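Data file: upload.txt. Format and content: compact mmCIF, C-alpha atoms.
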```txt
# COMPACT_ATOMS: atom_id res chain seq x y z
CA MET A 750 98.23 103.23 131.18
CA ALA A 751 99.91 100.28 129.46
CA GLU A 752 97.83 97.17 128.90
CA ALA A 753 98.64 94.27 131.21
CA ARG A 754 100.66 91.48 129.68
CA VAL A 755 99.21 88.03 130.31
CA GLN A 756 101.27 84.93 129.65
CA PHE A 757 99.41 82.36 127.54
CA ARG A 758 100.34 79.41 125.35
CA LEU A 759 100.48 80.43 121.69
CA GLY A 760 100.48 78.03 118.75
CA LEU A 761 101.48 79.03 115.24
CA VAL A 762 100.42 77.09 112.17
CA GLY A 763 103.13 77.69 109.58
CA TYR A 764 106.63 79.04 110.17
CA GLY A 765 107.35 80.83 106.91
CA GLU A 766 108.03 84.54 106.61
CA ILE A 767 104.98 85.65 108.61
CA GLY A 768 105.04 82.88 111.20
CA SER A 769 108.75 83.27 111.92
CA THR A 770 108.39 87.06 112.18
CA LEU A 771 105.57 86.71 114.72
CA GLY A 772 107.34 83.96 116.64
CA ALA A 773 110.65 85.79 116.92
CA GLY A 774 109.03 89.12 117.78
CA LEU A 775 106.73 87.77 120.48
CA ARG A 776 109.45 85.65 122.06
CA LYS A 777 111.76 88.66 122.17
CA ALA A 778 108.94 90.68 123.75
CA GLY A 779 108.75 88.09 126.53
CA LEU A 780 105.95 85.68 125.60
CA ASP A 781 107.27 82.44 127.02
CA ALA A 782 105.38 79.56 125.44
CA ILE A 783 105.24 79.53 121.64
CA HIS A 784 104.93 76.28 119.69
CA CYS A 785 104.62 75.85 115.95
CA TYR A 786 103.42 73.16 113.59
CA ASP A 787 104.69 73.47 110.03
CA LYS A 788 104.16 70.40 107.85
CA TYR A 789 107.51 71.06 106.15
CA ALA A 790 109.54 71.70 109.31
CA PHE A 791 111.19 68.28 109.38
CA ASP A 792 110.80 67.08 105.80
CA GLY A 793 110.81 69.68 103.06
CA PRO A 794 113.08 71.88 100.94
CA TYR A 795 113.18 74.59 103.63
CA SER A 796 113.20 72.37 106.72
CA GLY A 797 116.71 73.48 107.65
CA LEU A 798 115.75 77.15 107.45
CA ILE A 799 112.56 76.60 109.47
CA GLN A 800 114.45 74.73 112.19
CA GLN A 801 117.18 77.35 112.31
CA ARG A 802 114.71 80.23 112.61
CA ALA A 803 112.74 78.44 115.32
CA GLU A 804 115.84 77.57 117.34
CA GLN A 805 117.16 81.13 117.15
CA ALA A 806 113.81 82.56 118.27
CA GLY A 807 113.16 80.03 121.01
CA VAL A 808 110.03 78.67 119.32
CA THR A 809 109.34 74.95 119.80
CA LEU A 810 108.50 72.98 116.66
CA VAL A 811 106.03 70.11 116.98
CA HIS A 812 105.25 67.25 114.62
CA SER A 813 101.46 67.29 114.30
CA ASN A 814 98.25 69.27 114.59
CA GLN A 815 97.36 67.34 117.74
CA GLU A 816 100.70 68.16 119.39
CA LEU A 817 100.11 71.84 118.69
CA ALA A 818 96.58 71.71 120.08
CA ASP A 819 97.90 70.02 123.22
CA ALA A 820 100.63 72.63 123.67
CA ALA A 821 98.61 75.80 122.94
CA ASP A 822 95.46 77.55 124.06
CA VAL A 823 95.46 80.20 121.32
CA ILE A 824 96.25 79.03 117.78
CA VAL A 825 97.06 81.48 114.99
CA SER A 826 97.13 80.08 111.47
CA VAL A 827 99.47 81.87 109.08
CA THR A 828 99.35 79.41 106.19
CA PRO A 829 98.50 80.63 102.66
CA GLY A 830 94.78 81.23 102.13
CA SER A 831 94.73 78.48 99.51
CA VAL A 832 95.12 75.87 102.27
CA SER A 833 93.00 77.52 105.00
CA LEU A 834 90.12 75.05 104.60
CA GLU A 835 92.44 72.05 104.52
CA SER A 836 94.26 73.28 107.61
CA ALA A 837 91.01 73.91 109.50
CA ALA A 838 89.74 70.42 108.65
CA ALA A 839 92.96 68.92 110.00
CA PHE A 840 92.45 70.73 113.32
CA ALA A 841 88.79 69.74 113.67
CA PRO A 842 89.57 66.51 115.58
CA CYS A 843 92.10 68.32 117.79
CA LEU A 844 90.41 71.42 119.17
CA THR A 845 88.13 71.75 122.19
CA SER A 846 86.20 74.53 123.89
CA ARG A 847 89.36 75.72 125.65
CA HIS A 848 90.93 76.76 122.33
CA THR A 849 90.88 80.03 120.42
CA PHE A 850 91.61 79.62 116.69
CA VAL A 851 92.21 82.61 114.42
CA ASP A 852 93.04 82.35 110.71
CA PHE A 853 95.40 85.17 109.64
CA ALA A 854 95.58 84.08 105.98
CA SER A 855 94.79 86.38 103.07
CA ALA A 856 91.56 84.82 101.82
CA THR A 857 87.96 85.64 100.98
CA PRO A 858 85.22 86.02 103.61
CA LYS A 859 83.66 82.86 102.14
CA ILE A 860 86.80 80.87 102.93
CA LYS A 861 86.96 82.25 106.47
CA MET A 862 83.33 81.24 107.02
CA GLY A 863 84.26 77.80 105.69
CA VAL A 864 87.03 77.61 108.28
CA ALA A 865 84.51 78.42 111.00
CA GLN A 866 82.06 75.82 109.71
CA ARG A 867 84.71 73.12 109.86
CA LEU A 868 85.55 74.02 113.46
CA THR A 869 82.15 74.93 114.92
CA ALA A 870 81.54 71.49 116.41
CA THR A 871 84.78 71.70 118.41
CA GLY A 872 83.40 74.48 120.62
CA ALA A 873 86.54 76.56 120.04
CA LEU A 874 86.28 80.34 119.80
CA ILE A 875 86.86 81.16 116.11
CA GLY A 876 88.12 84.40 114.59
CA ASP A 877 89.35 85.93 111.39
CA ALA A 878 92.30 88.25 110.85
CA SER A 879 94.17 89.78 107.95
CA ILE A 880 97.61 91.34 107.76
CA GLU A 881 97.78 94.78 106.17
CA GLY A 882 101.51 95.30 106.59
CA THR A 883 104.52 93.17 105.67
CA PRO A 884 107.22 91.40 107.69
CA LYS A 885 109.41 94.41 106.91
CA ASN A 886 107.31 96.18 109.56
CA GLY A 887 108.39 93.50 112.06
CA TYR A 888 105.98 91.52 114.21
CA ALA A 889 104.07 94.75 114.95
CA MET A 890 102.74 94.86 111.38
CA PRO A 891 99.17 96.24 111.23
CA ILE A 892 96.54 93.49 111.45
CA LEU A 893 92.74 93.56 111.35
CA SER A 894 90.64 91.08 113.34
CA SER A 895 86.96 90.19 113.37
CA GLY A 896 84.56 87.48 114.46
CA ALA A 897 83.90 85.95 117.87
CA ALA A 898 87.62 85.63 118.72
CA GLY A 899 88.64 88.96 117.18
CA GLU A 900 88.65 90.97 120.39
CA ARG A 901 90.24 88.18 122.41
CA VAL A 902 93.24 87.81 120.12
CA ARG A 903 93.66 91.60 120.07
CA ASP A 904 93.52 91.86 123.85
CA LEU A 905 96.00 89.01 124.32
CA LEU A 906 98.58 90.01 121.69
CA ASN A 907 98.58 93.82 121.63
CA PRO A 908 100.13 94.13 125.10
CA TRP A 909 103.08 92.12 123.72
CA GLY A 910 103.70 94.75 121.04
CA MET A 911 101.40 93.69 118.20
CA ARG A 912 99.06 96.11 116.42
CA ILE A 913 95.72 94.36 115.97
CA GLU A 914 92.60 96.42 115.27
CA PHE A 915 89.22 94.79 115.87
CA VAL A 916 86.81 95.71 113.05
CA GLY A 917 83.61 93.90 114.00
CA ASP A 918 81.83 90.79 115.21
CA GLU A 919 80.98 89.60 111.70
CA LEU A 920 83.30 86.76 110.73
CA GLY A 921 85.16 87.48 107.48
CA ARG A 922 84.97 91.25 107.79
CA ALA A 923 88.72 91.60 108.41
CA SER A 924 89.56 89.40 105.43
CA GLY A 925 87.06 91.18 103.21
CA ILE A 926 88.78 94.50 103.88
CA LYS A 927 92.21 93.05 103.07
CA ILE A 928 91.31 90.96 100.03
CA LEU A 929 89.37 93.75 98.29
CA ARG A 930 92.01 96.32 99.16
CA SER A 931 94.43 94.01 97.35
CA VAL A 932 92.57 94.61 94.06
CA LEU A 933 94.03 98.12 94.17
CA ILE A 934 97.36 97.54 95.89
CA LYS A 935 98.40 94.46 93.91
CA GLY A 936 96.90 96.05 90.79
CA ILE A 937 99.25 99.01 91.21
CA GLU A 938 102.18 96.60 91.33
CA ALA A 939 101.10 94.81 88.14
CA LEU A 940 100.31 98.08 86.33
CA THR A 941 103.68 99.52 87.29
CA ASP A 942 105.46 96.38 86.03
CA GLU A 943 103.69 96.64 82.67
CA MET A 944 104.25 100.38 82.36
CA LEU A 945 107.96 100.24 83.19
CA LEU A 946 108.74 97.21 81.01
CA ALA A 947 107.16 98.89 78.00
CA ALA A 948 108.66 102.29 78.80
CA ARG A 949 112.13 100.76 79.04
CA HIS A 950 111.72 99.53 75.45
CA TYR A 951 111.25 103.15 74.37
CA GLY A 952 114.08 104.40 76.61
CA ILE A 953 111.75 106.56 78.69
CA ASP A 954 111.16 104.46 81.81
CA GLU A 955 112.56 106.93 84.34
CA ILE A 956 110.78 109.87 82.70
CA VAL A 957 107.46 108.04 82.62
CA LEU A 958 107.84 106.98 86.25
CA ALA A 959 108.68 110.52 87.34
CA SER A 960 105.66 111.87 85.45
CA ALA A 961 103.32 109.33 87.02
CA SER A 962 104.81 109.99 90.45
CA LYS A 963 103.91 113.67 90.22
CA THR A 964 100.27 112.80 89.60
CA LEU A 965 100.19 110.24 92.41
CA ALA A 966 102.04 112.43 94.94
CA ARG A 967 98.81 113.99 96.21
CA PRO A 968 96.73 112.33 98.95
CA TRP A 969 95.05 109.20 97.61
CA MET A 970 91.54 110.40 98.45
CA ASP A 971 92.17 113.45 96.26
CA THR A 972 92.94 111.07 93.40
CA VAL A 973 89.79 109.05 94.12
CA GLU A 974 87.62 112.19 94.13
CA SER A 975 89.25 113.32 90.90
CA LEU A 976 88.96 110.07 88.94
CA ILE A 977 85.76 108.36 90.05
CA PRO A 978 83.17 111.16 89.59
CA SER A 979 84.79 112.38 86.36
CA GLY A 980 84.92 108.80 85.09
CA ILE A 981 81.11 108.82 84.83
CA ILE A 982 81.49 111.43 82.11
CA HIS A 983 84.83 110.52 80.54
CA ALA A 984 84.90 106.70 80.62
CA LYS A 985 84.62 106.38 76.80
CA ARG A 986 87.51 108.76 76.14
CA ARG A 987 89.64 107.10 78.79
CA ALA A 988 88.89 103.66 77.35
CA GLU A 989 90.05 104.84 73.92
CA GLU A 990 93.26 106.20 75.46
CA LEU A 991 93.95 102.92 77.24
CA GLU A 992 93.35 100.97 74.05
CA MET A 993 96.10 103.06 72.48
CA SER A 994 98.25 102.47 75.57
CA ALA A 995 97.73 98.73 75.07
CA GLU A 996 98.91 99.07 71.47
CA ALA A 997 102.07 100.86 72.60
CA VAL A 998 102.77 98.18 75.18
CA ALA A 999 102.24 95.45 72.58
CA ASP A 1000 104.55 97.27 70.15
CA ALA A 1001 107.21 97.09 72.86
CA GLY A 1002 106.90 93.30 72.88
CA ILE A 1003 105.03 93.15 76.19
CA GLU A 1004 101.65 91.43 76.46
CA PRO A 1005 99.34 94.31 77.52
CA VAL A 1006 97.37 92.26 80.04
CA MET A 1007 96.76 95.12 82.46
CA ALA A 1008 96.19 97.85 79.88
CA ARG A 1009 93.59 95.75 78.04
CA ALA A 1010 91.87 94.90 81.31
CA VAL A 1011 91.66 98.58 82.27
CA ALA A 1012 90.33 99.50 78.83
CA ALA A 1013 87.69 96.76 79.09
CA ARG A 1014 86.54 97.97 82.51
CA LEU A 1015 86.31 101.56 81.27
CA ARG A 1016 84.40 100.46 78.14
CA TRP A 1017 82.00 98.59 80.41
CA LYS A 1018 81.42 101.72 82.46
CA ALA A 1019 80.95 103.87 79.36
CA ASP A 1020 78.38 101.40 77.98
CA LEU A 1021 76.21 101.84 81.07
CA GLY A 1022 75.13 105.18 79.61
CA LEU A 1023 75.67 107.11 82.82
CA LYS A 1024 76.91 110.21 81.02
CA ASP A 1025 73.48 110.63 79.41
CA ASP A 1026 71.71 109.81 82.68
CA CYS A 1027 73.68 112.55 84.44
CA LYS A 1028 73.19 114.96 81.51
CA GLY A 1029 76.93 115.42 81.29
CA ILE A 1030 77.29 116.64 84.87
CA GLU A 1031 79.72 114.88 87.21
CA PRO A 1032 78.36 113.35 90.43
CA SER A 1033 79.23 115.32 93.55
CA ASP A 1034 81.74 112.81 94.93
CA HIS A 1035 83.01 109.25 94.59
CA LYS A 1036 80.19 107.82 96.71
CA ALA A 1037 77.54 109.35 94.45
CA ALA A 1038 79.39 108.02 91.40
CA ILE A 1039 79.62 104.47 92.76
CA ASP A 1040 75.97 104.62 93.83
CA ALA A 1041 75.03 105.60 90.27
CA ILE A 1042 77.04 102.71 88.80
CA ALA A 1043 75.55 100.20 91.26
CA ALA A 1044 72.00 101.41 90.56
CA LYS A 1045 72.51 101.12 86.81
CA MET A 1046 73.90 97.59 87.20
CA LYS A 1047 70.70 96.56 88.97
CA ALA A 1048 68.56 98.17 86.31
CA VAL A 1049 70.35 96.61 83.34
```

Taking this structure as input, can you express it in the form of structure tokens?
Amino acid sequence: MAEARVQFRLGLVGYGEIGSTLGAGLRKAGLDAIHCYDKYAFDGPYSGLIQQRAEQAGVTLVHSNQELADAADVIVSVTPGSVSLESAAAFAPCLTSRHTFVDFASATPKIKMGVAQRLTATGALIGDASIEGTPKNGYAMPILSSGAAGERVRDLLNPWGMRIEFVGDELGRASGIKILRSVLIKGIEALTDEMLLAARHYGIDEIVLASASKTLARPWMDTVESLIPSGIIHAKRRAEELEMSAEAVADAGIEPVMARAVAARLRWKADLGLKDDCKGIEPSDHKAAIDAIAAKMKAV
């Protein structure tokens, strides 16, 4: 049975790519009252674009934090994580116990807890969320939520077509999942940039990419179970290989930032001496390997 749709007053903080995607999608789905406060909506290099997007979507732009608080019961902040604390502080004088405030920014759990601390005295219900998809997925991009308001924002928005998954009562849990996942996902982007730029110098970029694609075509967990346990044994050899990779990248005129970083991390792992501790035998799976690394870190 479909979840019941309940009309409520939504406020968006920020009307950039994410905010405008949410605003347009929810208005099209039938949510009537959506207001937005964007500090650059009326005076900034993209004010014209912001106003155009809002008008086309039927989202009402307001001029201040207080106006947004007056017009909305549920406020979703989609500003960059770098201004989450500043934004929360600006809302502190505006919110009351009738408000729900959820920060959707990509930021650390520490920052999300800082947001909550700045708003605790208001009595508002505070939550944390993180976006795992992109605006290319539309307003139904996958989102994680946590904290006291995590379930409420899920229950209010999912019936309107959003895809929010509640991951726990602990504030910052949703953001922790996203921000640490980004180490891998954004790292892949940076590694691929470095690999392809250097490979193009040698005239082998498409061949190198095709070769790497074959290795990465298997399920990711298969790759994890292949690399992490075996890395306990082969970290030194892999570090040496990456040091040579860094030389090849440098010879191509590209600063080998990523290759050197990978080599340094592998050298660090090799220097823990886990190969001797394990007597040359690989751990049974990635969890056992990570446990061994963590235990050795504590012992060192």

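The environment of segment 782-795 of chain A within 6 Å, counting all atoms listed in the file and disregarding residues fewer than 4 places along the same chain, consists of Arg758, Leu759, Gly760, Leu761, Val762, Gly763, Tyr764, Ile799, Val808, Thr809, Leu810 and Val811 of chain A.
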
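Comparing the minimum interatomic distances between Asp781 of chain A and each of A:Lys1036, A:His812, A:Arg754, A:Arg949, counting all atoms listed in the file, we find that A:Arg754 sits nearest.
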
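Between atom CA of Ala841 of chain A and atom CA of Thr869 of chain A there is a distance of 8.5 Å.
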
With 7 Å as the cut-off and all atoms listed in the file counted, what is the closest atom pair between each nearby residue of segment 848-890 of chain A and segment 927-935 of chain A? Distances in Å to one decimal, ordered by chain and number, as a tab-separated table.
```
residue	atom	partner	partner_atom	distance
A:Ser855	CA	A:Ile928	CA	6.5
A:Ala856	CA	A:Ile928	CA	6.4
A:Thr857	CA	A:Ile928	CA	6.4
A:Ser879	CA	A:Lys927	CA	6.2
A:Glu881	CA	A:Lys927	CA	6.6
```

With distances taken over all atoms listed in the file, the candidate from A:Lys859, A:Ser1033, A:Gly772, A:Glu989 nearest Gln805 of chain A is A:Gly772

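Considering the residues A:Gly910, A:Gln800, A:Val864, A:Thr849 and counting all atoms listed in the file, Ala778 of chain A has its shortest atom-to-atom contact with A:Gly910.
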
Taking (87.3, 87.1, 114.7) in the coordinates of the supplied file, I want to know which residues reach to within 12 Å of it, counting all atoms listed in the file; could you give the answer as number ranges by chain? A: 825, 849-853, 858, 861-862, 864-865, 873-879, 892-903, 913-924

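The interatomic distance for the pair atom CA of Pro884 of chain A and atom CA of Met944 of chain A works out to 27.0 Å.
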
Close residues, Gly765 of chain A itself excluded, 9 Å, all atoms listed in the file, min 3 positions apart in chain, as number ranges by chain: A: 768-770, 787, 799, 827-828

With all atoms listed in the file as the basis for distance, which of A:Ala818, A:Leu976, A:Ile860, A:Ala889 is at the shortest distance from Pro842 of chain A? A:Ala818

Interatomic distance, atom CA of Ser813 of chain A to atom CA of Gly887 of chain A (Å, one decimal): 27.2 Å

Long-range neighbours of segment 1007-1016 of chain A as a PyMOL selection string, 7 Å cut-off, all atoms listed in the file, 5 positions minimum in chain: chain A and resi 940+984-985+987-988+991-992+994-995

Same residues, C-alpha atoms, saved as a PDB file, in the frame of the given file:
```
ATOM      1  CA  LEU A 940     100.310  98.080  86.330  1.00  0.00           C
ATOM      2  CA  ALA A 984      84.900 106.700  80.620  1.00  0.00           C
ATOM      3  CA  LYS A 985      84.620 106.380  76.800  1.00  0.00           C
ATOM      4  CA  ARG A 987      89.640 107.100  78.790  1.00  0.00           C
ATOM      5  CA  ALA A 988      88.890 103.660  77.350  1.00  0.00           C
ATOM      6  CA  LEU A 991      93.950 102.920  77.240  1.00  0.00           C
ATOM      7  CA  GLU A 992      93.350 100.970  74.050  1.00  0.00           C
ATOM      8  CA  SER A 994      98.250 102.470  75.570  1.00  0.00           C
ATOM      9  CA  ALA A 995      97.730  98.730  75.070  1.00  0.00           C
TER      10      ALA A 995
END
```

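With only C-alpha atoms as the atoms that count, the residue of A:His950, A:Arg986, A:Arg912, A:His848 with the shortest distance to Pro891 of chain A is A:Arg912.
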
Which of these residues is nearest to Asp822 of chain A, using only C-alpha atoms: A:Arg802, A:His1035, A:Lys1028, A:Arg847? A:Arg847
